Every structure is written in structure tokens, then in C-alpha cells.
file model-v6.txt (compact mmCIF, C-alpha atoms and all ligand atoms)
# COMPACT_ATOMS: atom_id res chain seq x y z
CA MET R 1 -4.01 2.31 9.62
CA ASP R 2 -5.90 2.68 6.36
CA ASP R 3 -4.39 2.10 2.96
CA VAL R 4 -5.60 0.59 -0.31
CA LEU R 5 -5.32 -2.91 1.14
CA THR R 6 -7.10 -2.26 4.43
CA GLU R 7 -9.77 0.39 3.87
CA THR R 8 -13.25 -1.07 3.62
CA VAL R 9 -16.34 -0.20 1.65
CA PRO R 10 -19.28 1.34 3.56
CA THR R 11 -22.00 -1.31 3.79
CA ASP R 12 -24.73 0.81 2.24
CA ASP R 13 -22.53 1.53 -0.78
CA LEU R 14 -21.93 -2.16 -1.31
CA LYS R 15 -25.68 -2.78 -1.03
CA ARG R 16 -26.50 -0.01 -3.49
CA PHE R 17 -24.18 -1.30 -6.23
CA GLU R 18 -25.23 -4.87 -5.52
CA LYS R 19 -28.84 -3.93 -6.11
CA VAL R 20 -28.11 -2.34 -9.50
CA TYR R 21 -26.06 -5.35 -10.56
CA HIS R 22 -28.74 -7.82 -9.49
CA GLU R 23 -31.49 -5.91 -11.25
CA GLN R 24 -29.48 -6.05 -14.47
CA LEU R 25 -28.65 -9.69 -13.91
CA TYR R 26 -32.33 -10.45 -13.52
CA LYS R 27 -33.02 -8.85 -16.90
CA ASN R 28 -30.06 -10.69 -18.33
CA ASP R 29 -28.48 -7.42 -19.36
CA VAL R 30 -25.46 -6.65 -17.18
CA THR R 31 -23.42 -3.64 -18.29
CA PRO R 32 -19.64 -3.68 -17.72
CA LYS R 33 -20.12 -0.48 -15.69
CA ALA R 34 -22.52 -2.04 -13.20
CA GLN R 35 -20.43 -5.17 -12.94
CA PHE R 36 -17.23 -3.19 -12.38
CA GLU R 37 -18.78 -0.92 -9.76
CA TYR R 38 -20.15 -3.89 -7.86
CA ALA R 39 -16.86 -5.82 -8.14
CA TRP R 40 -14.88 -2.77 -7.01
CA CYS R 41 -17.03 -2.59 -3.86
CA LEU R 42 -16.80 -6.33 -3.28
CA VAL R 43 -13.00 -6.44 -3.30
CA ARG R 44 -13.04 -3.75 -0.60
CA SER R 45 -15.29 -5.77 1.69
CA LYS R 46 -14.09 -7.02 5.05
CA TYR R 47 -15.41 -10.49 4.19
CA PRO R 48 -13.12 -12.75 2.14
CA ALA R 49 -16.18 -14.40 0.52
CA ASP R 50 -17.19 -11.03 -0.95
CA ILE R 51 -13.65 -10.37 -2.15
CA LYS R 52 -13.56 -13.74 -3.90
CA LYS R 53 -16.86 -12.97 -5.60
CA GLY R 54 -15.44 -9.62 -6.71
CA ILE R 55 -12.40 -11.35 -8.16
CA VAL R 56 -14.60 -13.69 -10.21
CA LEU R 57 -16.56 -10.73 -11.59
CA LEU R 58 -13.34 -8.89 -12.46
CA GLN R 59 -11.90 -11.94 -14.20
CA GLU R 60 -15.06 -12.18 -16.27
CA LEU R 61 -14.76 -8.51 -17.23
CA TYR R 62 -11.09 -8.90 -18.02
CA LYS R 63 -11.92 -11.60 -20.56
CA SER R 64 -14.98 -9.94 -22.07
CA HIS R 65 -14.44 -6.19 -21.99
CA ASP R 66 -11.35 -4.71 -23.65
CA GLU R 67 -11.79 -1.11 -22.61
CA GLY R 68 -11.23 -1.35 -18.88
CA GLN R 69 -8.34 -3.82 -18.84
CA ARG R 70 -6.02 -1.70 -16.70
CA ASP R 71 -8.78 -1.09 -14.14
CA TYR R 72 -9.54 -4.80 -13.93
CA LEU R 73 -5.88 -5.79 -13.53
CA TYR R 74 -5.39 -3.20 -10.82
CA TYR R 75 -8.36 -4.35 -8.76
CA LEU R 76 -7.55 -8.02 -9.37
CA ALA R 77 -4.17 -7.30 -7.75
CA ILE R 78 -5.83 -5.53 -4.81
CA GLY R 79 -8.47 -8.22 -4.32
CA ASN R 80 -5.94 -11.02 -4.34
CA ALA R 81 -3.60 -9.19 -1.96
CA ARG R 82 -6.47 -8.65 0.44
CA ILE R 83 -7.15 -12.36 0.68
CA LYS R 84 -3.42 -13.03 0.98
CA GLU R 85 -3.07 -14.58 -2.47
CA TYR R 86 0.16 -12.68 -2.81
CA SER R 87 1.74 -14.51 -5.70
CA LYS R 88 -1.40 -13.96 -7.77
CA ALA R 89 -1.58 -10.33 -6.70
CA LEU R 90 2.03 -9.76 -7.74
CA SER R 91 1.51 -11.50 -11.05
CA TYR R 92 -1.33 -9.06 -11.85
CA VAL R 93 0.96 -6.19 -10.85
CA ARG R 94 3.62 -7.48 -13.19
CA ALA R 95 1.14 -7.99 -16.02
CA PHE R 96 0.10 -4.38 -15.58
CA LEU R 97 3.66 -3.06 -15.49
CA SER R 98 4.61 -5.00 -18.60
CA ILE R 99 1.98 -2.97 -20.47
CA GLU R 100 2.51 0.31 -18.63
CA PRO R 101 5.98 0.32 -17.10
CA GLY R 102 6.65 3.09 -14.63
CA ASN R 103 3.04 3.58 -13.55
CA GLN R 104 3.53 5.13 -10.10
CA GLN R 105 0.18 4.03 -8.74
CA VAL R 106 0.89 0.39 -9.55
CA ILE R 107 4.51 0.55 -8.39
CA SER R 108 3.28 1.92 -5.09
CA LEU R 109 0.66 -0.85 -4.88
CA GLU R 110 3.46 -3.36 -5.42
CA SER R 111 5.43 -1.92 -2.53
CA THR R 112 2.35 -1.86 -0.29
CA ILE R 113 1.78 -5.56 -1.05
CA LYS R 114 5.41 -6.38 -0.34
CA LYS R 115 5.32 -4.46 2.94
CA LYS R 116 2.26 -6.41 3.96
CA MET R 117 4.00 -9.69 3.14
CA ASP R 118 7.00 -8.50 5.05
CA LYS R 119 4.90 -7.81 8.11
CA GLU R 120 3.45 -11.29 7.89
CA GLY R 121 6.93 -12.72 7.67
CA LEU R 122 6.46 -14.11 4.19
CA VAL R 123 9.36 -12.42 2.49
CA GLY R 124 11.64 -13.38 5.34
CA MET R 125 10.54 -16.99 5.14
CA ALA R 126 11.15 -17.17 1.44
CA MET R 127 14.62 -15.71 1.97
CA ALA R 128 15.45 -18.06 4.82
CA GLY R 129 14.56 -20.97 2.58
CA GLY R 130 17.25 -19.83 0.19
CA VAL R 131 14.74 -18.67 -2.37
CA VAL R 132 15.79 -15.53 -4.16
CA LEU R 133 12.87 -13.20 -4.37
CA ALA R 134 13.04 -11.99 -7.91
CA VAL R 135 10.82 -11.90 -10.94
CA GLY R 136 10.16 -15.47 -11.93
CA ALA R 137 11.00 -16.90 -8.51
CA LEU R 138 7.40 -16.91 -7.44
CA VAL R 139 7.12 -20.64 -7.05
CA GLY R 140 9.07 -20.35 -3.81
CA LEU R 141 6.89 -17.50 -2.70
CA GLY R 142 3.76 -19.49 -3.44
CA MET R 143 5.11 -22.26 -1.23
CA ALA R 144 5.81 -19.79 1.53
CA VAL R 145 2.24 -18.59 1.31
CA ALA R 146 0.93 -22.15 1.35
CA SER R 147 3.02 -23.21 4.30
CA LYS R 148 2.00 -20.13 6.26
CA LYS R 149 -1.64 -21.04 5.77
CA SER R 150 -1.42 -24.65 6.84
CA MET W 1 9.12 14.24 18.68
CA SER W 2 7.11 12.89 21.61
CA ALA W 3 8.10 9.68 23.30
CA GLY W 4 4.58 8.25 23.12
CA PRO W 5 3.43 5.24 21.17
CA TYR W 6 2.94 7.39 18.05
CA ASN W 7 5.14 9.84 16.30
CA TYR W 8 2.03 11.90 15.58
CA SER W 9 -0.91 13.11 17.67
CA TYR W 10 -3.65 13.30 15.06
CA ILE W 11 -4.69 11.73 11.79
CA PHE W 12 -6.57 13.93 9.33
CA LYS W 13 -8.30 12.39 6.35
CA TYR W 14 -8.17 14.37 3.08
CA ILE W 15 -9.70 13.78 -0.32
CA ILE W 16 -8.55 15.35 -3.60
CA ILE W 17 -11.28 15.81 -6.20
CA GLY W 18 -11.82 17.47 -9.56
CA ASP W 19 -12.00 16.72 -13.30
CA MET W 20 -9.58 14.31 -14.92
CA GLY W 21 -6.21 15.70 -15.90
CA VAL W 22 -6.32 18.79 -13.67
CA GLY W 23 -3.24 17.54 -11.80
CA LYS W 24 -4.61 15.95 -8.62
CA SER W 25 -2.10 13.10 -8.58
CA CYS W 26 0.76 15.45 -9.41
CA LEU W 27 -0.20 17.72 -6.51
CA LEU W 28 -0.25 14.73 -4.16
CA HIS W 29 3.07 13.49 -5.47
CA GLN W 30 4.65 16.93 -5.21
CA PHE W 31 3.43 17.16 -1.63
CA THR W 32 4.53 13.69 -0.52
CA GLU W 33 7.67 13.21 -2.65
CA LYS W 34 8.65 16.72 -3.70
CA LYS W 35 8.81 15.55 -7.30
CA PHE W 36 6.88 16.37 -10.43
CA MET W 37 5.59 13.64 -12.71
CA SER W 38 5.62 15.09 -16.20
CA ASP W 39 3.86 12.15 -17.79
CA CYS W 40 1.27 10.91 -15.36
CA PRO W 41 -1.30 8.32 -16.43
CA HIS W 42 -4.93 8.60 -15.33
CA THR W 43 -5.54 7.36 -11.81
CA ILE W 44 -7.43 4.11 -11.45
CA GLY W 45 -10.12 4.41 -8.79
CA VAL W 46 -8.26 6.02 -5.92
CA GLU W 47 -4.65 6.50 -4.95
CA PHE W 48 -3.40 6.87 -1.43
CA GLY W 49 -0.63 8.94 0.11
CA THR W 50 0.50 10.07 3.55
CA ARG W 51 2.79 12.64 5.08
CA ILE W 52 3.39 13.79 8.61
CA ILE W 53 3.24 17.55 9.10
CA GLU W 54 3.37 19.87 12.07
CA VAL W 55 0.74 22.36 13.14
CA ALA W 56 1.10 24.41 16.33
CA GLY W 57 3.83 22.08 17.53
CA LYS W 58 1.66 18.99 17.04
CA LYS W 59 2.56 16.22 14.61
CA ILE W 60 -0.32 15.37 12.33
CA LYS W 61 -0.48 12.50 9.91
CA LEU W 62 -2.33 13.36 6.72
CA GLN W 63 -4.04 10.40 5.12
CA ILE W 64 -4.80 11.50 1.58
CA TRP W 65 -7.16 9.85 -0.90
CA ASP W 66 -6.58 11.03 -4.47
CA THR W 67 -9.66 10.18 -6.51
CA ALA W 68 -9.81 9.42 -10.24
CA GLY W 69 -11.49 12.15 -12.26
CA GLN W 70 -12.59 9.97 -15.16
CA GLU W 71 -16.36 9.65 -15.32
CA ARG W 72 -16.49 5.88 -15.03
CA PHE W 73 -15.05 5.99 -11.51
CA ARG W 74 -17.30 8.77 -10.29
CA ALA W 75 -20.05 6.70 -8.67
CA VAL W 76 -17.78 4.58 -6.48
CA THR W 77 -15.22 7.28 -5.59
CA ARG W 78 -18.06 9.09 -3.81
CA SER W 79 -17.81 6.54 -1.03
CA TYR W 80 -14.40 7.98 -0.15
CA TYR W 81 -15.82 11.42 0.61
CA ARG W 82 -17.42 10.27 3.81
CA GLY W 83 -15.45 11.21 6.87
CA ALA W 84 -13.06 13.56 5.09
CA ALA W 85 -11.80 16.37 7.32
CA GLY W 86 -10.35 18.20 4.33
CA ALA W 87 -11.27 18.30 0.64
CA LEU W 88 -8.91 19.76 -1.95
CA MET W 89 -11.02 20.67 -4.97
CA VAL W 90 -8.84 21.17 -8.04
CA TYR W 91 -9.36 22.77 -11.45
CA ASP W 92 -6.89 23.56 -14.24
CA ILE W 93 -6.44 27.30 -14.91
CA THR W 94 -5.76 26.52 -18.59
CA ARG W 95 -9.03 24.63 -19.14
CA ARG W 96 -12.23 26.52 -18.45
CA SER W 97 -14.42 23.41 -18.56
CA THR W 98 -12.69 22.11 -15.44
CA TYR W 99 -13.58 25.36 -13.71
CA ASN W 100 -17.17 25.28 -14.92
CA HIS W 101 -17.64 21.88 -13.32
CA LEU W 102 -16.69 23.15 -9.87
CA SER W 103 -20.23 23.77 -8.71
CA SER W 104 -21.13 20.15 -9.29
CA TRP W 105 -17.99 19.00 -7.42
CA LEU W 106 -18.90 21.35 -4.62
CA THR W 107 -22.48 20.08 -4.39
CA ASP W 108 -21.22 16.51 -4.17
CA THR W 109 -18.73 17.45 -1.48
CA ARG W 110 -21.26 19.31 0.62
CA ASN W 111 -23.75 16.47 0.33
CA LEU W 112 -21.31 13.74 1.23
CA THR W 113 -19.12 15.32 3.90
CA ASN W 114 -19.93 17.03 7.19
CA PRO W 115 -20.42 20.77 7.78
CA ASN W 116 -16.97 21.09 9.34
CA THR W 117 -15.12 19.64 6.36
CA VAL W 118 -12.62 22.22 5.17
CA ILE W 119 -12.86 22.73 1.42
CA PHE W 120 -9.83 24.23 -0.28
CA LEU W 121 -10.02 25.31 -3.92
CA ILE W 122 -6.83 24.95 -5.97
CA GLY W 123 -6.36 26.48 -9.41
CA ASN W 124 -3.54 24.24 -10.64
CA LYS W 125 -0.97 24.65 -13.45
CA CYS W 126 -0.37 28.33 -12.67
CA ASP W 127 3.09 27.90 -14.27
CA LEU W 128 1.27 27.94 -17.63
CA GLU W 129 0.43 31.65 -17.48
CA GLY W 130 0.44 31.96 -21.28
CA GLN W 131 -2.38 29.44 -21.62
CA ARG W 132 -4.52 30.86 -18.82
CA ASP W 133 -8.25 30.41 -19.43
CA VAL W 134 -9.62 31.35 -16.00
CA THR W 135 -8.66 34.59 -14.25
CA TYR W 136 -7.51 34.67 -10.65
CA GLU W 137 -10.19 37.24 -9.80
CA GLU W 138 -13.20 35.25 -10.92
CA ALA W 139 -12.01 32.10 -9.16
CA LYS W 140 -11.33 34.12 -6.03
CA GLN W 141 -14.84 35.49 -6.18
CA PHE W 142 -16.30 32.00 -6.62
CA ALA W 143 -14.31 30.86 -3.59
CA ASP W 144 -15.44 33.81 -1.46
CA GLU W 145 -19.07 33.37 -2.40
CA ASN W 146 -18.92 29.74 -1.35
CA GLY W 147 -16.78 30.15 1.73
CA LEU W 148 -13.81 28.22 0.34
CA MET W 149 -10.14 28.83 0.86
CA PHE W 150 -8.31 29.38 -2.42
CA VAL W 151 -4.87 29.50 -4.02
CA GLU W 152 -3.46 29.12 -7.48
CA ALA W 153 -0.71 26.52 -7.43
CA SER W 154 1.63 24.54 -9.62
CA ALA W 155 2.36 20.88 -9.11
CA LYS W 156 5.21 21.41 -11.56
CA THR W 157 7.13 24.17 -9.77
CA GLY W 158 5.73 23.32 -6.35
CA GLN W 159 4.40 26.83 -5.92
CA ASN W 160 1.72 27.01 -3.17
CA VAL W 161 1.42 23.23 -2.96
CA GLU W 162 2.65 23.00 0.64
CA GLU W 163 0.53 26.01 1.52
CA ALA W 164 -2.70 24.39 0.32
CA PHE W 165 -2.18 21.15 2.25
CA LEU W 166 -0.89 22.92 5.37
CA GLU W 167 -3.49 25.69 5.45
CA THR W 168 -6.22 23.05 5.27
CA ALA W 169 -4.68 21.27 8.25
CA ARG W 170 -4.40 24.51 10.22
CA LYS W 171 -8.05 25.25 9.61
CA ILE W 172 -9.06 21.75 10.72
CA TYR W 173 -6.86 22.03 13.78
CA GLN W 174 -8.49 25.36 14.55
CA SER W 175 -11.97 23.75 14.45
CA ILE W 176 -10.76 21.16 16.94
CA GLN W 177 -9.42 23.87 19.24
CA ASP W 178 -12.66 25.83 18.96
CA GLY W 179 -14.61 22.72 19.86
CA ARG W 180 -16.59 22.90 16.62
CA LEU W 181 -15.25 19.61 15.41
CA ASP W 182 -16.18 16.61 17.51
CA LEU W 183 -13.12 14.37 17.59
CA TYR W 184 -15.11 11.31 18.48
CA ALA W 185 -17.83 11.62 15.87
CA ALA W 186 -17.50 8.76 13.39
CA ASP W 187 -17.47 11.05 10.36
CA SER W 188 -15.21 13.82 11.62
CA GLY W 189 -12.26 12.61 9.55
CA VAL W 190 -9.98 13.18 12.52
CA GLN W 191 -8.49 10.68 14.92
CA HIS W 192 -6.69 11.64 18.07
CA LYS W 193 -3.65 9.63 19.14
CA PRO W 194 -2.69 10.80 22.62
CA SER W 195 0.99 10.31 23.29
CA GLN W 196 0.70 10.06 27.08
CA PRO W 197 -0.41 6.52 27.88
CA GLY W 198 -2.32 7.71 30.96
CA ARG W 199 -4.71 9.67 28.80
CA ASN W 200 -5.49 6.92 26.36
CA THR W 201 -9.12 6.16 25.78
CA LEU W 202 -10.21 2.59 25.28
CA THR W 203 -10.44 2.88 21.52
CA ASN W 204 -7.06 4.47 21.23
CA ASP W 205 -5.61 1.74 23.39
CA GLN W 206 -6.96 -0.94 21.15
CA GLN W 207 -5.64 0.75 18.09
CA SER W 208 -2.21 1.34 19.49
CA ASN W 209 -1.15 -2.28 19.26
CA LYS W 210 -2.11 -2.46 15.65
CA ASP W 211 -0.38 0.77 14.78
CA ASN W 212 2.78 0.07 16.67
CA CYS W 213 3.82 -2.76 14.45
CA ALA W 214 2.95 -0.72 11.38
CA CYS W 215 6.03 1.44 11.71
N1 LIG R 301 2.52 22.44 -16.60
C1 LIG R 301 1.92 21.74 -15.64
N2 LIG R 301 1.48 20.48 -15.89
C2 LIG R 301 0.88 19.80 -14.89
C3 LIG R 301 0.73 20.34 -13.58
N3 LIG R 301 0.10 19.43 -12.82
C4 LIG R 301 -0.13 18.36 -13.60
N4 LIG R 301 0.34 18.58 -14.85
C5 LIG R 301 0.25 17.63 -15.98
O1 LIG R 301 -1.11 17.37 -16.22
C6 LIG R 301 -1.33 16.00 -16.54
C7 LIG R 301 -2.39 15.39 -15.65
O2 LIG R 301 -1.97 15.38 -14.31
P1 LIG R 301 -2.54 14.31 -13.27
O3 LIG R 301 -1.96 14.63 -11.94
O4 LIG R 301 -2.38 12.94 -13.77
O5 LIG R 301 -4.10 14.67 -13.29
P2 LIG R 301 -5.26 14.02 -12.41
O6 LIG R 301 -6.12 15.14 -11.97
O7 LIG R 301 -4.69 13.17 -11.35
O8 LIG R 301 -6.06 13.13 -13.47
P3 LIG R 301 -6.99 11.83 -13.20
O9 LIG R 301 -6.19 10.88 -12.37
O10 LIG R 301 -7.37 11.28 -14.51
O11 LIG R 301 -8.19 12.34 -12.46
C8 LIG R 301 0.03 15.31 -16.38
O12 LIG R 301 0.57 15.06 -17.64
C9 LIG R 301 0.87 16.29 -15.62
O13 LIG R 301 2.21 16.22 -15.98
C10 LIG R 301 1.22 21.68 -13.36
O14 LIG R 301 1.12 22.25 -12.26
N5 LIG R 301 1.81 22.32 -14.42
MG MG R 302 -4.86 11.21 -10.88

call {"tool": "encode", "arguments": {"input": "model-v6.txt", "output": "C-alpha cells"}}
result
Amino acid sequence: MDDVLTETVPTDDLKRFEKVYHEQLYKNDVTPKAQFEYAWCLVRSKYPADIKKGIVLLQELYKSHDEGQRDYLYYLAIGNARIKEYSKALSYVRAFLSIEPGNQQVISLESTIKKKMDKEGLVGMAMAGGVVLAVGALVGLGMAVASKKS
Amino acid sequence: MSAGPYNYSYIFKYIIIGDMGVGKSCLLHQFTEKKFMSDCPHTIGVEFGTRIIEVAGKKIKLQIWDTAGQERFRAVTRSYYRGAAGALMVYDITRRSTYNHLSSWLTDTRNLTNPNTVIFLIGNKCDLEGQRDVTYEEAKQFADENGLMFVEASAKTGQNVEEAFLETARKIYQSIQDGRLDLYAADSGVQHKPSQPGRNTLTNDQQSNKDNCAC
């Protein structure tokens, strides 16, 4: 079932935005627009390596380009959730909500992420370990993620 | 409800498009939650919503992609048009510029979707009669000339919101019944989920495991 964490970018779209980005990179003149469009496609790839690349590009933008901050935070949360870096994903969600509390789109992203964790048994594991899942209790969650991976 | 592996028989993919601020997200929210958001921030990229409806006794899951109208998202949101069975194209009856841009939205939609995609034009914010900037008649004429379905609606009062989403589904369902819409074409925007296990195709079988745990 498709949702914002599972839908994937059509390959030719990814290629098209990649080309624009690389042309600008070659001329040493990358616009935030081209970088964002490419990163947005990358974080929707089915390959984790692409998603990680997208995250790096978004982090760069987040530091260097003030205007699109909310866009970058949102897609940083999505990218991280897609590679199962849930504690990072949720920290981006919280950073966003601290600036714009009550944003429905981001609140619904948060619940989609939590449902996904639930399905993978991560929330349950954290609970079973006696860790209260609340804001600030993410250390426990991080451990749950780590132990699931190993 | 059928006793099959799904509580719905079809999935229809919709997109909602139109200028920023015309009320796309509010229409989606009104349709899925029956609530109005009076202070809704601009959408980032795309938002997603679902609701199960019934057409001709069949349960249909609508999978709705609400696109951001702000210019900087335009290039990438186009990739969501592909494979849409329905497109809700929205303008704001109190802002003529949003109406004037419809032909460019329509061109995009026609270029990026398939000939069977049902396009439904919505003139939103019809509760603001006093600020009207586009008459019903001219929009109706535009819709007729371009073969679009059309209503004026209000995401605030809920007027005609259900109608727009449901009518689109009925029209899509009709194309399936008529055999115009090929269920198994990759870009049809429709997936069939047979509820009798005996009639499952291979692809549906494979998907059923995945979907079962989703609910
Ligand atoms: N009076 C009235 N206001 C509405 C209606 N629909 C939306 N609004 C208001 O219009 C503003 C914009 O609505 P949105 O749903 O965010 O618009 P959008 O088309 O999703 O905008 P983008 O996400 O930027 O593309 C919000 O402040 C809403 O409260 C309506 O039917 N009537
Ligand atoms: Mg919106």
C-alpha cells in the first residue's frame, strides 16, 4: 500500500533531476532549487544508498539556504524514516513542530512513522524494555532500533 | 462487507491540483475527516490521504495525493500525476488568477495522465459569495468545452465536497464497467482486489500478504 514512506520515484524522473543537478555541479553553480529537486527524488528512491545521498544534500541545504527550511526538515524526516533511522526521523518531526506546532501534514507524517515502527515491533520492544516512549525518551528508542538491526 | 482478504475491491488513485491557497488540502481534509482547517499552512511537496467509499455496492479505497501549489514544488509534483485515475482540479471562486491558470493545469494533466483519467473541476470557497470573482456560468462553460465534470464547492461548509470525490469515482467505475479502462495497464490508476480467493490473479496474490498485515 502506498503512502509517503513507501511510494517511489519513477526512474526517469530521478534521472532527469539528477542530470540537471550534475550539469550545475560541473559548472560549480548549483542552485538550491536543483539540489532540492534532486534530493526530493533521491529520498523517494527504492535504494537506501540513494536515500542517504538525498539526506546529505538536504542537510547541506538546511545549513546553507534559509528560505526552504521547513521543506528540508520535512524531507529529512521522510528520508530518515525510509531507511529506518526512526529516532532521527522523529527528531526532525519534533524540530519542525517546535517551529510550526499543529501542522497537520507533519503530525500525520509523525503518526505514519510511528505506525511503521509499530508494524516492525519497535514501539512494542521499547515498551517491553520498560522505556516510556515520550518526548526526550529517544535514547531507549535508538537502542531498540540498533538491537533490531544487529 | 465481504469476507475476503480485503475490505475493499478496488483502489483508485486520485490527485488534487491547482494554484496555491485554493483549498486543496482543506477539501481533502473535509473529505477524509469531515473537518475544516481554518488556518492551513502551505503543503510541502505532497500530502496523502485515504478513504473507503462505496460505488454500486462495491467498496473502493481512494488513495489521494494532494499536491503543493507553490511554484517551487511544481516540477517534482508532476511525477505524481502518472497513473492517476482521477484528477480534481481546483480553483478559488474569489480569485480570478487561480481560474485563469486552469488551462495550464489542464494541459499538464492531459499530458501526464492517460485518456481515461477523469478530470473534475472544483470551484472552491463558494461560501464566500460576497467575494465572488468568477461566475458559475463561465466556469461551467469552460468545463463543458473541455469535457470536464464541474461543481462549485466549499471545504468550509462541506457543500458538494462528497459529491466531487464520489462522482469522480462513479465515472471511473463506469469506465471499468464499459471496458474502456484496462484494469491491468500499469498507468490506469486502478487496482483490483478480488475478494474471492479463487479468482485471485498472481499479482493480487502476492500483494495480499503485504496488505493483510497493513490493517
Ligand atoms: N472560506 C473558505 N476558506 C477556505 C475554503 N477552503 C480553504 N479555505 C482557506 O483557504 C486557505 C488555503 O487553503 P489550503 O487548503 O491550505 O490551500 P491549498 O490549495 O492546499 O494550498 P497549497 O498547499 O499551498 O497548494 C486556508 O486558510 C483555508 O482555511 C473554503 O471552502 N471556504
Ligand atoms: Mg495544500

call {"tool": "residues_around", "arguments": {"input": "model-v6.txt", "residues": "segment 129-145 of chain W", "least_positions_apart": "2", "cutoff": "8 Å", "atoms": "all atoms listed in the file", "output": "list in words"}}
result
Ile93, Thr94, Arg95, Arg96, Tyr99, Leu121, Gly123, Cys126, Asp127, Gly147, Leu148, Met149, Phe150 and Glu152 of chain W

call {"tool": "write_last_selection", "arguments": {"input": "model-v6.txt", "atoms": "C-alpha atoms", "output": "compact mmCIF listing (two decimals), keeping the file's coordinate frame"}}
result
# COMPACT_ATOMS: atom_id res chain seq x y z
CA ILE W 93 -6.44 27.30 -14.91
CA THR W 94 -5.76 26.52 -18.59
CA ARG W 95 -9.03 24.63 -19.14
CA ARG W 96 -12.23 26.52 -18.45
CA TYR W 99 -13.58 25.36 -13.71
CA LEU W 121 -10.02 25.31 -3.92
CA GLY W 123 -6.36 26.48 -9.41
CA CYS W 126 -0.37 28.33 -12.67
CA ASP W 127 3.09 27.90 -14.27
CA GLY W 147 -16.78 30.15 1.73
CA LEU W 148 -13.81 28.22 0.34
CA MET W 149 -10.14 28.83 0.86
CA PHE W 150 -8.31 29.38 -2.42
CA GLU W 152 -3.46 29.12 -7.48

call {"tool": "residues_near_ligand", "arguments": {"input": "model-v6.txt", "ligand": "ligand MG 302 (chain R)", "cutoff": "7 Å", "atoms": "all atoms listed in the file", "output": "list in words"}}
result
Met20, Gly21, Gly23, Lys24, Ser25, His42, Thr43, Asp66, Thr67, Ala68 and Gly69 of chain W

call {"tool": "write_last_selection", "arguments": {"input": "model-v6.txt", "atoms": "C-alpha atoms", "output": "PDB file, in the frame of the given file"}}
result
ATOM      1  CA  MET W  20      -9.580  14.310 -14.920  1.00  0.00           C
ATOM      2  CA  GLY W  21      -6.210  15.700 -15.900  1.00  0.00           C
ATOM      3  CA  GLY W  23      -3.240  17.540 -11.800  1.00  0.00           C
ATOM      4  CA  LYS W  24      -4.610  15.950  -8.620  1.00  0.00           C
ATOM      5  CA  SER W  25      -2.100  13.100  -8.580  1.00  0.00           C
ATOM      6  CA  HIS W  42      -4.930   8.600 -15.330  1.00  0.00           C
ATOM      7  CA  THR W  43      -5.540   7.360 -11.810  1.00  0.00           C
ATOM      8  CA  ASP W  66      -6.580  11.030  -4.470  1.00  0.00           C
ATOM      9  CA  THR W  67      -9.660  10.180  -6.510  1.00  0.00           C
ATOM     10  CA  ALA W  68      -9.810   9.420 -10.240  1.00  0.00           C
ATOM     11  CA  GLY W  69     -11.490  12.150 -12.260  1.00  0.00           C
TER      12      GLY W  69
END

call {"tool": "interface_residues", "arguments": {"input": "model-v6.txt", "of": "chain W", "to": "chain R", "cutoff": "7 Å", "atoms": "all atoms listed in the file", "output": "compact mmCIF listing (two decimals) with C-alpha atoms, in the coordinates of the input"}}
result
# COMPACT_ATOMS: atom_id res chain seq x y z
CA ILE W 44 -7.43 4.11 -11.45
CA GLU W 47 -4.65 6.50 -4.95
CA PHE W 48 -3.40 6.87 -1.43
CA VAL W 76 -17.78 4.58 -6.48
CA SER W 79 -17.81 6.54 -1.03
CA ASP W 211 -0.38 0.77 14.78

call {"tool": "axis_aligned_box", "arguments": {"input": "model-v6.txt", "around": "ligand LIG 301 (chain R)", "padding_each_side": "5 Å", "output": "lines of an AutoDock Vina configuration file"}}
result
center_x = -2.8
center_y = 16.7
center_z = -14.5
size_x = 20.7
size_y = 21.6
size_z = 16.3

call {"tool": "closest_residue", "arguments": {"input": "model-v6.txt", "among": "W:Gly179, W:Pro115, W:Gly158, W:Gly189", "to": "ligand LIG 301 (chain R)", "atoms": "all atoms listed in the file"}}
result
W:Gly158

call {"tool": "residues_around", "arguments": {"input": "model-v6.txt", "residues": "segment 164-166 of chain W", "least_positions_apart": "4", "cutoff": "12 Å", "atoms": "only C-alpha atoms", "output": "PyMOL selection string"}}
result
chain W and resi 12-16+27-28+30-32+50-56+59-64+85-90+118-124+148-155+158-160+170-173

call {"tool": "closest_residue", "arguments": {"input": "model-v6.txt", "among": "R:Glu18, R:Asp50, R:Glu110, R:Glu85", "to": "Leu97 of chain R", "atoms": "all atoms listed in the file"}}
result
R:Glu110

call {"tool": "atom_distance", "arguments": {"input": "model-v6.txt", "atom1": "atom CA of Ser103 of chain W", "atom2": "atom O11 of ligand LIG 301 (chain R)"}}
result
17.0 Å

call {"tool": "residues_around", "arguments": {"input": "model-v6.txt", "residues": "Ala185 of chain W", "least_positions_apart": "5", "cutoff": "12 Å", "atoms": "all atoms listed in the file", "output": "ChimeraX atom specification"}}
result
/W:83-85,114,116,176,180,190-192

call {"tool": "atom_distance", "arguments": {"input": "model-v6.txt", "atom1": "atom CA of Pro48 of chain R", "atom2": "atom CA of Lys88 of chain R"}}
result
15.4 Å

call {"tool": "atom_distance", "arguments": {"input": "model-v6.txt", "atom1": "atom CA of Arg94 of chain R", "atom2": "atom O2 of ligand LIG 301 (chain R)"}}
result
23.6 Å

call {"tool": "closest_residue", "arguments": {"input": "model-v6.txt", "among": "R:Ile83, R:Leu122, R:Ile99, R:Leu61", "to": "Thr6 of chain R", "atoms": "all atoms listed in the file"}}
result
R:Ile83
